[in-house]
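Novice: My structure is in protein.cif, and what it holds is mmCIF, C-alpha atoms:
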data_model
#
loop_
_atom_site.label_atom_id
_atom_site.label_comp_id
_atom_site.auth_asym_id
_atom_site.auth_seq_id
_atom_site.Cartn_x
_atom_site.Cartn_y
_atom_site.Cartn_z
CA MET O 1 -43.22 0.34 -8.41
CA LYS O 2 -42.31 3.55 -10.29
CA LYS O 3 -39.76 4.45 -7.61
CA THR O 4 -38.28 0.93 -7.75
CA ILE O 5 -37.90 1.15 -11.53
CA GLN O 6 -36.27 4.55 -11.19
CA ASP O 7 -33.85 3.17 -8.60
CA LEU O 8 -32.94 0.33 -10.97
CA ILE O 9 -32.27 2.83 -13.76
CA GLU O 10 -30.14 4.92 -11.41
CA ILE O 11 -27.83 2.14 -10.24
CA SER O 12 -27.70 0.65 -13.75
CA THR O 13 -26.65 3.96 -15.30
CA TYR O 14 -24.11 4.51 -12.52
CA ALA O 15 -22.48 1.10 -13.12
CA GLY O 16 -23.07 0.76 -16.84
CA ASP O 17 -21.96 4.16 -18.09
CA ARG O 18 -18.23 3.45 -17.79
CA VAL O 19 -16.29 0.67 -19.46
CA ASP O 20 -13.93 0.12 -16.53
CA TYR O 21 -16.95 -1.15 -14.55
CA THR O 22 -18.99 -3.02 -17.17
CA GLN O 23 -18.47 -4.11 -20.74
CA GLY O 24 -21.11 -4.97 -23.33
CA GLY O 25 -23.93 -7.06 -21.88
CA GLY O 26 -21.88 -8.05 -18.84
CA GLY O 27 -22.86 -7.31 -15.27
CA ASN O 28 -26.34 -6.94 -13.83
CA THR O 29 -28.31 -4.94 -11.29
CA SER O 30 -31.43 -5.52 -9.23
CA VAL O 31 -33.77 -3.83 -6.77
CA LYS O 32 -36.30 -5.52 -4.46
CA LYS O 33 -39.65 -4.23 -3.20
CA ASP O 34 -42.44 -6.13 -1.40
CA GLY O 35 -41.37 -9.59 -2.59
CA VAL O 36 -40.79 -8.48 -6.19
CA MET O 37 -37.33 -8.11 -7.68
CA LEU O 38 -36.58 -6.04 -10.76
CA ILE O 39 -33.44 -7.31 -12.50
CA LYS O 40 -31.64 -6.64 -15.75
CA ALA O 41 -32.76 -8.90 -18.57
CA SER O 42 -30.31 -11.41 -20.04
CA GLY O 43 -28.24 -10.15 -22.97
CA TYR O 44 -28.96 -6.45 -22.48
CA ARG O 45 -26.55 -3.72 -21.45
CA LEU O 46 -27.04 -1.93 -18.15
CA VAL O 47 -27.40 1.36 -20.02
CA ASP O 48 -30.24 -0.15 -22.08
CA ILE O 49 -32.51 -0.13 -19.03
CA THR O 50 -35.36 2.38 -19.27
CA LYS O 51 -38.83 2.61 -17.74
CA LYS O 52 -40.10 0.21 -20.40
CA THR O 53 -37.36 -2.21 -21.40
CA ALA O 54 -34.22 -4.27 -20.67
CA PHE O 55 -35.38 -5.42 -17.24
CA VAL O 56 -37.82 -7.98 -15.88
CA ALA O 57 -39.82 -8.45 -12.68
CA VAL O 58 -39.56 -11.77 -10.83
CA ASP O 59 -41.05 -13.34 -7.71
CA LYS O 60 -38.05 -12.90 -5.42
CA GLU O 61 -39.50 -15.08 -2.67
CA LYS O 62 -40.14 -18.00 -5.04
CA ILE O 63 -36.50 -18.01 -6.11
CA GLU O 64 -35.19 -17.51 -2.57
CA ASN O 65 -37.42 -20.26 -1.18
CA TYR O 66 -36.14 -22.66 -3.84
CA TYR O 67 -32.55 -22.20 -2.72
CA GLN O 68 -33.56 -22.44 0.94
CA SER O 69 -35.28 -25.81 0.40
CA VAL O 70 -33.05 -27.51 -2.18
CA ASP O 71 -31.95 -31.02 -1.13
CA LEU O 72 -28.73 -32.09 -2.84
CA ALA O 73 -29.23 -35.64 -1.60
CA VAL O 74 -31.84 -36.02 -4.32
CA LYS O 75 -30.23 -36.76 -7.67
CA LYS O 76 -31.49 -34.41 -10.38
CA ASP O 77 -30.37 -31.78 -12.88
CA TYR O 78 -30.33 -28.78 -10.55
CA GLU O 79 -28.96 -26.46 -13.22
CA LYS O 80 -31.98 -27.15 -15.40
CA GLU O 81 -34.42 -27.08 -12.50
CA SER O 82 -33.14 -23.76 -11.15
CA ALA O 83 -33.32 -22.22 -14.65
CA GLU O 84 -36.96 -23.35 -14.89
CA ILE O 85 -37.70 -21.85 -11.48
CA SER O 86 -36.19 -18.53 -12.59
CA LYS O 87 -38.20 -18.47 -15.81
CA SER O 88 -41.43 -19.43 -14.04
CA SER O 89 -40.88 -16.68 -11.47
CA VAL O 90 -41.25 -13.93 -14.09
CA ILE O 91 -44.08 -11.49 -13.36
CA ALA O 92 -45.77 -9.77 -16.30
CA MET O 93 -45.98 -5.98 -16.01
CA ASP O 94 -48.34 -3.79 -18.02
CA GLY O 95 -46.60 -1.96 -20.84
CA ILE O 96 -43.28 -3.72 -20.31
CA GLU O 97 -41.97 -6.49 -22.58
CA THR O 98 -41.62 -9.83 -20.78
CA LEU O 99 -37.98 -10.83 -21.10
CA ARG O 100 -35.64 -13.48 -19.70
CA PRO O 101 -34.03 -12.68 -16.33
CA SER O 102 -30.28 -12.39 -15.99
CA VAL O 103 -28.56 -15.76 -15.68
CA GLU O 104 -27.50 -14.67 -12.18
CA VAL O 105 -30.99 -14.02 -10.88
CA GLY O 106 -30.43 -16.71 -8.22
CA PHE O 107 -27.77 -14.96 -6.20
CA HIS O 108 -29.48 -11.58 -6.60
CA ALA O 109 -32.52 -13.03 -4.81
CA ILE O 110 -30.53 -13.92 -1.67
CA LEU O 111 -28.81 -10.53 -1.30
CA LYS O 112 -29.92 -7.17 0.10
CA LYS O 113 -32.36 -4.72 -1.51
CA TYR O 114 -29.91 -3.20 -4.00
CA VAL O 115 -27.37 -5.25 -5.95
CA ILE O 116 -24.69 -4.05 -8.37
CA HIS O 117 -22.73 -6.83 -10.08
CA THR O 118 -19.97 -5.67 -12.40
CA HIS O 119 -16.96 -7.02 -14.23
CA SER O 120 -14.83 -4.13 -13.04
CA VAL O 121 -11.33 -4.15 -14.48
CA TYR O 122 -9.96 -3.04 -11.10
CA ALA O 123 -11.70 -5.80 -9.15
CA ASN O 124 -10.67 -8.33 -11.77
CA ILE O 125 -7.01 -7.49 -11.33
CA ILE O 126 -7.28 -9.20 -7.97
CA THR O 127 -9.91 -11.82 -8.83
CA CYS O 128 -7.79 -12.96 -11.79
CA SER O 129 -4.47 -13.09 -9.94
CA VAL O 130 -3.11 -15.83 -7.70
CA GLU O 131 -2.35 -13.26 -5.00
CA GLY O 132 -5.78 -11.64 -5.21
CA GLU O 133 -7.34 -12.99 -2.04
CA ALA O 134 -4.36 -11.86 0.03
CA ILE O 135 -4.54 -8.39 -1.54
CA ALA O 136 -8.25 -8.18 -0.77
CA GLU O 137 -7.50 -9.02 2.87
CA LYS O 138 -4.86 -6.27 2.97
CA LEU O 139 -7.12 -3.65 1.41
CA PHE O 140 -10.55 -4.42 2.85
CA SER O 141 -10.27 -6.23 6.17
CA ASP O 142 -10.80 -2.98 8.11
CA LYS O 143 -13.67 -1.64 6.01
CA ASP O 144 -17.08 -1.37 7.64
CA PHE O 145 -18.96 -3.15 4.85
CA GLY O 146 -17.45 -6.64 5.22
CA TYR O 147 -16.55 -8.88 2.29
CA ILE O 148 -16.18 -12.47 1.18
CA PHE O 149 -13.93 -13.90 -1.53
CA MET O 150 -15.56 -16.67 -3.57
CA PRO O 151 -13.50 -19.29 -5.42
CA TYR O 152 -14.35 -19.74 -9.09
CA ILE O 153 -17.66 -21.58 -9.37
CA ASN O 154 -19.74 -22.12 -12.49
CA PRO O 155 -22.40 -19.39 -12.82
CA GLY O 156 -25.99 -20.35 -12.16
CA PHE O 157 -27.18 -22.86 -9.58
CA GLU O 158 -23.76 -23.86 -8.23
CA LEU O 159 -22.63 -20.28 -7.67
CA THR O 160 -25.84 -19.21 -5.94
CA LEU O 161 -25.80 -22.16 -3.55
CA ALA O 162 -22.12 -21.69 -2.72
CA MET O 163 -22.59 -17.96 -2.19
CA LYS O 164 -25.56 -18.60 0.11
CA THR O 165 -23.46 -20.96 2.25
CA LYS O 166 -20.48 -18.60 2.40
CA ILE O 167 -22.68 -15.66 3.38
CA GLU O 168 -24.39 -17.66 6.13
CA ASN O 169 -21.00 -18.71 7.54
CA TYR O 170 -19.78 -15.11 7.43
CA VAL O 171 -22.88 -13.87 9.26
CA LYS O 172 -22.39 -16.50 11.98
CA GLU O 173 -18.73 -15.55 12.40
CA LYS O 174 -18.92 -11.76 12.03
CA GLY O 175 -22.48 -10.98 13.03
CA LYS O 176 -23.21 -8.94 9.91
CA PHE O 177 -24.04 -9.44 6.24
CA PRO O 178 -21.08 -9.05 3.82
CA GLU O 179 -21.88 -6.19 1.44
CA VAL O 180 -18.99 -6.92 -0.94
CA ILE O 181 -18.40 -10.21 -2.74
CA PHE O 182 -15.32 -10.86 -4.87
CA MET O 183 -15.80 -13.74 -7.30
CA LYS O 184 -12.66 -15.45 -8.54
CA ASN O 185 -12.19 -15.08 -12.32
CA HIS O 186 -15.55 -13.37 -12.58
CA GLY O 187 -16.11 -9.99 -10.98
CA LEU O 188 -17.50 -7.92 -8.13
CA VAL O 189 -20.86 -7.86 -6.34
CA VAL O 190 -21.92 -5.04 -4.03
CA THR O 191 -25.18 -5.14 -2.08
CA ALA O 192 -26.85 -2.81 0.43
CA ASP O 193 -30.27 -1.78 1.70
CA TYR O 194 -29.87 1.85 0.65
CA ILE O 195 -29.20 3.17 -2.85
CA GLU O 196 -26.57 5.73 -1.90
CA ARG O 197 -24.71 3.15 0.17
CA VAL O 198 -24.54 0.54 -2.59
CA LYS O 199 -23.09 3.13 -4.98
CA ALA O 200 -20.68 4.49 -2.36
CA ILE O 201 -19.34 1.05 -1.48
CA ASN O 202 -18.90 0.12 -5.14
CA THR O 203 -16.95 3.33 -5.75
CA ASP O 204 -14.86 2.79 -2.61
CA VAL O 205 -13.88 -0.76 -3.61
CA ASN O 206 -12.89 0.24 -7.14
CA GLU O 207 -11.02 3.39 -6.13
CA THR O 208 -9.16 1.55 -3.35
CA ILE O 209 -7.90 -1.06 -5.84
CA ARG O 210 -7.14 1.51 -8.55
CA LYS O 211 -5.05 3.63 -6.19
CA TYR O 212 -3.29 0.59 -4.71
CA PHE O 213 -2.01 -0.34 -8.17
CA ASP O 214 -1.35 3.32 -9.04
CA ILE O 215 -3.57 3.22 -12.12
CA GLU O 216 -4.72 6.47 -13.73
CA ASP O 217 -8.47 7.07 -13.92
CA THR O 218 -8.46 7.39 -17.72
CA PHE O 219 -10.22 4.21 -18.85
CA ARG O 220 -13.93 5.06 -18.77
CA SER O 221 -14.68 4.60 -22.48
CA VAL O 222 -13.39 3.03 -25.69
CA GLU O 223 -12.78 4.69 -29.06
CA LEU O 224 -14.12 3.34 -32.35
CA GLU O 225 -13.69 4.82 -35.82
CA GLU O 226 -16.37 4.16 -38.43
CA ILE O 227 -15.06 2.49 -41.59
CA ASP O 228 -16.65 0.92 -44.64
CA GLY O 229 -18.78 -1.96 -43.40
CA GLY O 230 -17.97 -1.61 -39.73
CA TYR O 231 -15.68 -0.03 -37.16
CA ARG O 232 -11.96 0.15 -36.32
CA SER O 233 -10.44 0.18 -32.83
CA ASN O 234 -8.77 3.39 -31.73
CA THR O 235 -8.58 2.45 -28.06
CA LYS O 236 -4.99 2.97 -26.91
CA THR O 237 -4.70 -0.20 -24.81
CA ILE O 238 -5.90 -2.36 -27.71
CA VAL O 239 -3.90 -0.68 -30.47
CA GLU O 240 -0.65 -0.86 -28.48
CA PHE O 241 -1.15 -4.52 -27.58
CA VAL O 242 -2.19 -5.65 -31.07
CA SER O 243 0.64 -3.69 -32.71
CA LYS O 244 3.12 -5.57 -30.53
CA ASN O 245 1.53 -9.02 -30.17
CA GLY O 246 -1.17 -9.42 -32.79
CA LEU O 247 -4.45 -11.04 -31.77
CA THR O 248 -5.54 -14.62 -32.38
CA LYS O 249 -7.86 -17.12 -30.72
CA ALA O 250 -4.78 -19.16 -29.78
CA LEU O 251 -3.39 -16.16 -27.91
CA LEU O 252 -6.64 -15.66 -26.01
CA ASP O 253 -6.98 -19.39 -25.33
CA GLU O 254 -3.67 -19.33 -23.45
CA LYS O 255 -5.19 -17.23 -20.67
CA PRO O 256 -8.94 -17.73 -20.22
CA LEU O 257 -9.73 -15.25 -17.46
CA TYR O 258 -13.50 -15.12 -17.12
CA PRO O 259 -16.78 -16.08 -18.85
CA ASP O 260 -17.32 -12.85 -20.85
CA GLN O 261 -13.97 -13.30 -22.58
CA LEU O 262 -15.08 -16.73 -23.78
CA VAL O 263 -18.59 -15.63 -24.77
CA TYR O 264 -17.69 -12.45 -26.64
CA LEU O 265 -14.09 -12.93 -27.80
CA ASN O 266 -12.85 -16.52 -28.05
CA ASN O 267 -16.10 -17.83 -29.50
CA ILE O 268 -16.37 -14.98 -32.00
CA LEU O 269 -12.87 -15.69 -33.28
CA ALA O 270 -13.66 -19.41 -33.40
CA PHE O 271 -17.07 -19.34 -35.09
CA SER O 272 -17.26 -15.94 -36.78
CA PRO O 273 -13.66 -14.83 -37.49
CA GLU O 274 -14.76 -12.43 -40.23
CA THR O 275 -16.59 -10.40 -37.56
CA MET O 276 -13.36 -9.46 -35.79
CA THR O 277 -10.13 -9.20 -37.74
CA VAL O 278 -6.65 -7.75 -37.23
CA LYS O 279 -5.74 -5.28 -39.95
CA ASP O 280 -3.06 -2.57 -40.09
CA LYS O 281 -1.98 -3.43 -36.53
CA THR O 282 -5.40 -2.79 -35.03
CA VAL O 283 -8.77 -4.57 -34.83
CA GLU O 284 -11.69 -4.14 -37.21
CA TYR O 285 -15.28 -5.20 -36.53
CA LYS O 286 -17.66 -5.98 -39.42
CA VAL O 287 -20.81 -5.50 -37.36
CA ASP O 288 -23.12 -2.70 -36.23
CA LEU O 289 -22.04 -0.16 -33.63
CA LYS O 290 -23.67 -1.89 -30.66
CA LYS O 291 -21.93 -5.22 -31.35
CA ALA O 292 -18.65 -3.51 -32.20
CA THR O 293 -18.80 -1.64 -28.90
CA THR O 294 -19.43 -4.86 -26.98
CA LEU O 295 -16.44 -6.56 -28.62
CA GLU O 296 -14.20 -3.51 -28.19
CA GLU O 297 -15.11 -3.08 -24.52
CA THR O 298 -14.63 -6.78 -23.76
CA LEU O 299 -11.27 -6.89 -25.50
CA PHE O 300 -10.16 -3.69 -23.76
CA ALA O 301 -11.09 -5.06 -20.34
CA TYR O 302 -9.36 -8.38 -20.96
CA LEU O 303 -6.11 -6.77 -22.14
CA PHE O 304 -6.24 -4.16 -19.38
CA VAL O 305 -6.53 -6.84 -16.69
CA ILE O 306 -3.80 -9.03 -18.20
CA GLU O 307 -1.38 -6.12 -18.60
CA SER O 308 -2.15 -4.72 -15.13
CA ILE O 309 -1.49 -8.08 -13.47
CA LYS O 310 1.77 -8.36 -15.40
CA ASN O 311 2.84 -4.79 -14.53
CA ALA O 312 2.12 -5.41 -10.84
CA GLY O 313 4.37 -8.47 -10.83
CA LEU O 314 1.48 -10.78 -9.98
CA ILE O 315 0.68 -14.25 -11.32
CA VAL O 316 -2.31 -14.61 -13.64
CA SER O 317 -4.98 -17.06 -12.44
CA ILE O 318 -6.83 -18.74 -15.31
CA MET O 319 -9.94 -20.89 -15.70
CA ASN O 320 -9.33 -24.60 -16.10
CA GLU O 321 -10.43 -26.70 -19.06
CA LYS O 322 -13.56 -28.02 -17.34
CA GLU O 323 -14.68 -24.50 -16.39
CA VAL O 324 -14.09 -23.24 -19.93
CA ASP O 325 -16.04 -26.15 -21.37
CA PHE O 326 -19.02 -25.43 -19.10
CA ILE O 327 -19.26 -21.81 -20.29
CA ASN O 328 -18.82 -22.74 -23.96
CA ASN O 329 -21.69 -25.23 -23.75
CA TRP O 330 -23.99 -23.48 -21.29
CA GLU O 331 -27.37 -22.75 -22.88
CA ALA O 332 -27.81 -19.55 -20.87
CA GLU O 333 -24.59 -18.07 -22.27
CA LYS O 334 -25.53 -19.04 -25.81
CA TYR O 335 -28.81 -17.20 -25.32
CA ARG O 336 -27.08 -14.12 -23.86
CA ARG O 337 -24.69 -13.97 -26.83
CA SER O 338 -27.61 -14.23 -29.27
CA VAL O 339 -29.53 -11.21 -27.92
CA LYS O 340 -29.15 -8.21 -30.23
#
Would you mind writing the file out in structure tokens?

Specialist:
Amino acid sequence: MKKTIQDLIEISTYAGDRVDYTQGGGGNTSVKKDGVMLIKASGYRLVDITKKTAFVAVDKEKIENYYQSVDLAVKKDYEKESAEISKSSVIAMDGIETLRPSVEVGFHAILKKYVIHTHSVYANIITCSVEGEAIAEKLFSDKDFGYIFMPYINPGFELTLAMKTKIENYVKEKGKFPEVIFMKNHGLVVTADYIERVKAINTDVNETIRKYFDIEDTFRSVELEEIDGGYRSNTKTIVEFVSKNGLTKALLDEKPLYPDQLVYLNNILAFSPETMTVKDKTVEYKVDLKKATTLEETLFAYLFVIESIKNAGLIVSIMNEKEVDFINNWEAEKYRRSVK
């Protein structure tokens, strides 16, 4: 299991160490070995994962078998039931704190050995634009890894079941497992049976999109300045946008792009506006460095995606009211936001 833990740390550091791939507690990684899956714990950052913390072991076969046997003809609360299955699948490990699995543990269980799920700003330019699926076809139809493009589906049970069906249909049609999954208004999933391949494919997908839109590779981190009682944004994308447009919940509500925006930005401005304020044409955060970094990274990614879609002459695709309401009231997201 030591090698499996080290592999999880490796892919988590690779994906989590740059803000253009993951922001705050968003994204998750997993590695499977002999029926056990190690996966990032809910609410933690990918870079938090060490040999002792920020991940959890689960019974991969128990979760996979649940999705193989589910009968939708029976009326029940599948969201609740699947969450209970995930929690009950947790395996205690000596010397490692028992935590709650990522909310997306379901779809990790049905994929290959290594999984990297990110909220890449490059991938989200196409997943958050009306023309995105056509662009994906143009860029990736000839790649050897194969891909599918998922419509927006509520995270959790619904997404896992829909992804399972789409993968099975792809395998029947193409004769191979799709190693790349674009999720509308959500992000990117890359999966493979070898660690170097999963990293190589993830890099290939992001670099292909970045070069297609002629975007400079200069967005790997954010800049925060320490001030009395908190931190001030010095990230160029944010400062330029806020100087020109300001920043309010109403402005963000106009274009709900993906769940992390709602969890970390819209809801903060709605329920804790003193935490994040606009002052002197920039943003100030009255929280500790870890929380300030999460907010700064999430805001950067959101503005980057919006501005990139606009600059490319594409049409922004937004979440509808029902989808927004689900995220705002989903217990799993409330838990993720509460983790320090």

Novice: Can you translate the PyMOL selection byres ((chain O and resi 92-94) around 12) into the concrete residues it hits in this file, as a list in words?

Specialist: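 Applying the PyMOL selection byres ((chain O and resi 92-94) around 12) to the structure shown produces Met1, Lys2, Ile5, Val36, Leu38, Lys51, Lys52, Thr53, Phe55, Val56, Ala57, Val58, Asp59, Lys87, Ser88, Ser89, Val90, Ile91, Gly95, Ile96, Glu97, Thr98, Leu99 and Arg100 of chain O.
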
Novice: If we draw a sphere of 12 Å around (-16.6, -3.9, -34.1), which residues have at least one atom in it when counting all atoms listed in the file? Please report them as a PDB file with C-alpha atoms, in the coordinates of the input.

Specialist:
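Saved the output as out04.pdb:
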ATOM      1  CA  GLY O  24     -21.110  -4.970 -23.330  1.00  0.00           C
ATOM      2  CA  VAL O 222     -13.390   3.030 -25.690  1.00  0.00           C
ATOM      3  CA  GLU O 223     -12.780   4.690 -29.060  1.00  0.00           C
ATOM      4  CA  LEU O 224     -14.120   3.340 -32.350  1.00  0.00           C
ATOM      5  CA  GLU O 225     -13.690   4.820 -35.820  1.00  0.00           C
ATOM      6  CA  GLU O 226     -16.370   4.160 -38.430  1.00  0.00           C
ATOM      7  CA  ILE O 227     -15.060   2.490 -41.590  1.00  0.00           C
ATOM      8  CA  ASP O 228     -16.650   0.920 -44.640  1.00  0.00           C
ATOM      9  CA  GLY O 229     -18.780  -1.960 -43.400  1.00  0.00           C
ATOM     10  CA  GLY O 230     -17.970  -1.610 -39.730  1.00  0.00           C
ATOM     11  CA  TYR O 231     -15.680  -0.030 -37.160  1.00  0.00           C
ATOM     12  CA  ARG O 232     -11.960   0.150 -36.320  1.00  0.00           C
ATOM     13  CA  SER O 233     -10.440   0.180 -32.830  1.00  0.00           C
ATOM     14  CA  ASN O 234      -8.770   3.390 -31.730  1.00  0.00           C
ATOM     15  CA  THR O 235      -8.580   2.450 -28.060  1.00  0.00           C
ATOM     16  CA  TYR O 264     -17.690 -12.450 -26.640  1.00  0.00           C
ATOM     17  CA  LEU O 265     -14.090 -12.930 -27.800  1.00  0.00           C
ATOM     18  CA  ILE O 268     -16.370 -14.980 -32.000  1.00  0.00           C
ATOM     19  CA  PRO O 273     -13.660 -14.830 -37.490  1.00  0.00           C
ATOM     20  CA  GLU O 274     -14.760 -12.430 -40.230  1.00  0.00           C
ATOM     21  CA  THR O 275     -16.590 -10.400 -37.560  1.00  0.00           C
ATOM     22  CA  MET O 276     -13.360  -9.460 -35.790  1.00  0.00           C
ATOM     23  CA  THR O 277     -10.130  -9.200 -37.740  1.00  0.00           C
ATOM     24  CA  VAL O 278      -6.650  -7.750 -37.230  1.00  0.00           C
ATOM     25  CA  THR O 282      -5.400  -2.790 -35.030  1.00  0.00           C
ATOM     26  CA  VAL O 283      -8.770  -4.570 -34.830  1.00  0.00           C
ATOM     27  CA  GLU O 284     -11.690  -4.140 -37.210  1.00  0.00           C
ATOM     28  CA  TYR O 285     -15.280  -5.200 -36.530  1.00  0.00           C
ATOM     29  CA  LYS O 286     -17.660  -5.980 -39.420  1.00  0.00           C
ATOM     30  CA  VAL O 287     -20.810  -5.500 -37.360  1.00  0.00           C
ATOM     31  CA  ASP O 288     -23.120  -2.700 -36.230  1.00  0.00           C
ATOM     32  CA  LEU O 289     -22.040  -0.160 -33.630  1.00  0.00           C
ATOM     33  CA  LYS O 290     -23.670  -1.890 -30.660  1.00  0.00           C
ATOM     34  CA  LYS O 291     -21.930  -5.220 -31.350  1.00  0.00           C
ATOM     35  CA  ALA O 292     -18.650  -3.510 -32.200  1.00  0.00           C
ATOM     36  CA  THR O 293     -18.800  -1.640 -28.900  1.00  0.00           C
ATOM     37  CA  THR O 294     -19.430  -4.860 -26.980  1.00  0.00           C
ATOM     38  CA  LEU O 295     -16.440  -6.560 -28.620  1.00  0.00           C
ATOM     39  CA  GLU O 296     -14.200  -3.510 -28.190  1.00  0.00           C
ATOM     40  CA  GLU O 297     -15.110  -3.080 -24.520  1.00  0.00           C
ATOM     41  CA  THR O 298     -14.630  -6.780 -23.760  1.00  0.00           C
ATOM     42  CA  LEU O 299     -11.270  -6.890 -25.500  1.00  0.00           C
TER      43      LEU O 299
END

Novice: Which residues of region 52-79 of chain O have any atom within 10 Å of an atom in region 152-168 of chain O when counting all atoms listed in the file, and what is the closest pair of atoms for each, with the distance in Å to one decimal? Order the rows by chain and rising number and write it as JSON lines.

Specialist:
{"residue": "O:Tyr67", "atom": "CA", "partner": "O:Leu161", "partner_atom": "CA", "distance": 6.8}
{"residue": "O:Gln68", "atom": "CA", "partner": "O:Lys164", "partner_atom": "CA", "distance": 8.9}
{"residue": "O:Val70", "atom": "CA", "partner": "O:Leu161", "partner_atom": "CA", "distance": 9.1}
{"residue": "O:Tyr78", "atom": "CA", "partner": "O:Phe157", "partner_atom": "CA", "distance": 6.8}
{"residue": "O:Glu79", "atom": "CA", "partner": "O:Phe157", "partner_atom": "CA", "distance": 5.4}

Novice: Select, from O:Asp253, O:Phe219, O:Ser272, O:Lys112, the residue with the minimum atom-to-atom distance to Ile238 (chain O), counting all atoms listed in the file.

Specialist: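 Looking only at the distances to Ile238 (chain O), the closest residue turns out to be O:Phe219.
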
Novice: When you count only C-alpha atoms, which of these residues is closest to Ile11 (chain O): O:Lys244, O:Lys75, O:Lys211, O:Lys113?

Specialist: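 Between O:Lys244, O:Lys75, O:Lys211, O:Lys113, the residue approaching Ile11 (chain O) most closely is O:Lys113.
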
Novice: Taking the file as shown, what set of residues would the PyMOL selection byres ((chain O and resi 323) around 10) give back, as a list in words?

Specialist: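 Taken over the shown coordinates, the PyMOL selection byres ((chain O and resi 323) around 10) returns Tyr152, Ile153, Asn154, Pro155, Pro256, Tyr258, Pro259, Ile318, Met319, Asn320, Glu321, Lys322, Val324, Asp325, Phe326, Ile327 and Asn328 of chain O.
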
Novice: Identify the residues around (-0.5, -5.1, -7.7) within a radius of 8 Å, measuring from only C-alpha atoms in the coordinates stated by the file, and give them as a PyMOL selection string.

Specialist: chain O and resi 125-126+212-213+308-309+311-314

Novice: Can you tell me how far CA of Val305 (chain O) sits from CA of Tyr122 (chain O), in Å to one decimal?

Specialist: 7.6 Å

Novice: Counting only C-alpha atoms, figure out which residue out of O:Asp20, O:Asp280, O:Asp193, O:Glu173 gets nearest to Thr218 (chain O).

Specialist: O:Asp20

Novice: Report the residues retrieved by the PyMOL selection byres ((chain O and resi 201-209) around 10) from the displayed file, expressed as a count of residues only.

Specialist: 40

Novice: I need the residue nearest Asp260 (chain O) from this list: O:Lys279, O:Lys172, O:His119, O:Lys184. Use all atoms listed in the file for the distance.

Specialist: O:His119

Novice: Taking into account only C-alpha atoms, which residue in the set O:Val74, O:Val31, O:Ala41, O:Ile49 is nearest to Leu111 (chain O)?

Specialist: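 Once distances to Leu111 (chain O) are computed over only C-alpha atoms, the minimum belongs to O:Val31.
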
Novice: For Asn28 (chain O), which residue among O:Leu8, O:Ile63, O:Ala109, O:Leu46 is the nearest when counting only C-alpha atoms?

Specialist: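 Among O:Leu8, O:Ile63, O:Ala109, O:Leu46, it is O:Leu46 that comes nearest to Asn28 (chain O).
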
Novice: Region 28-43 of chain O, all listed atoms, 5 Å padding on each side: what axis-aligned box centre and edge lengths in Å to one decimal come out, as JSON?

Specialist:
{"center_x": -34.4, "center_y": -7.6, "center_z": -12.2, "size_x": 26.1, "size_y": 17.6, "size_z": 31.6}

Novice: Grab the CA of Lys174 (chain O) to CA of Gly146 (chain O) distance for me, in Å with one decimal place.

Specialist: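 CA of Gly146 (chain O) lies 8.6 Å from CA of Lys174 (chain O).
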
Novice: In Å to one decimal, how far is CA of Gly16 (chain O) from CA of Arg45 (chain O)?

Specialist: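 That distance, rounded to one decimal, is 7.3 Å.
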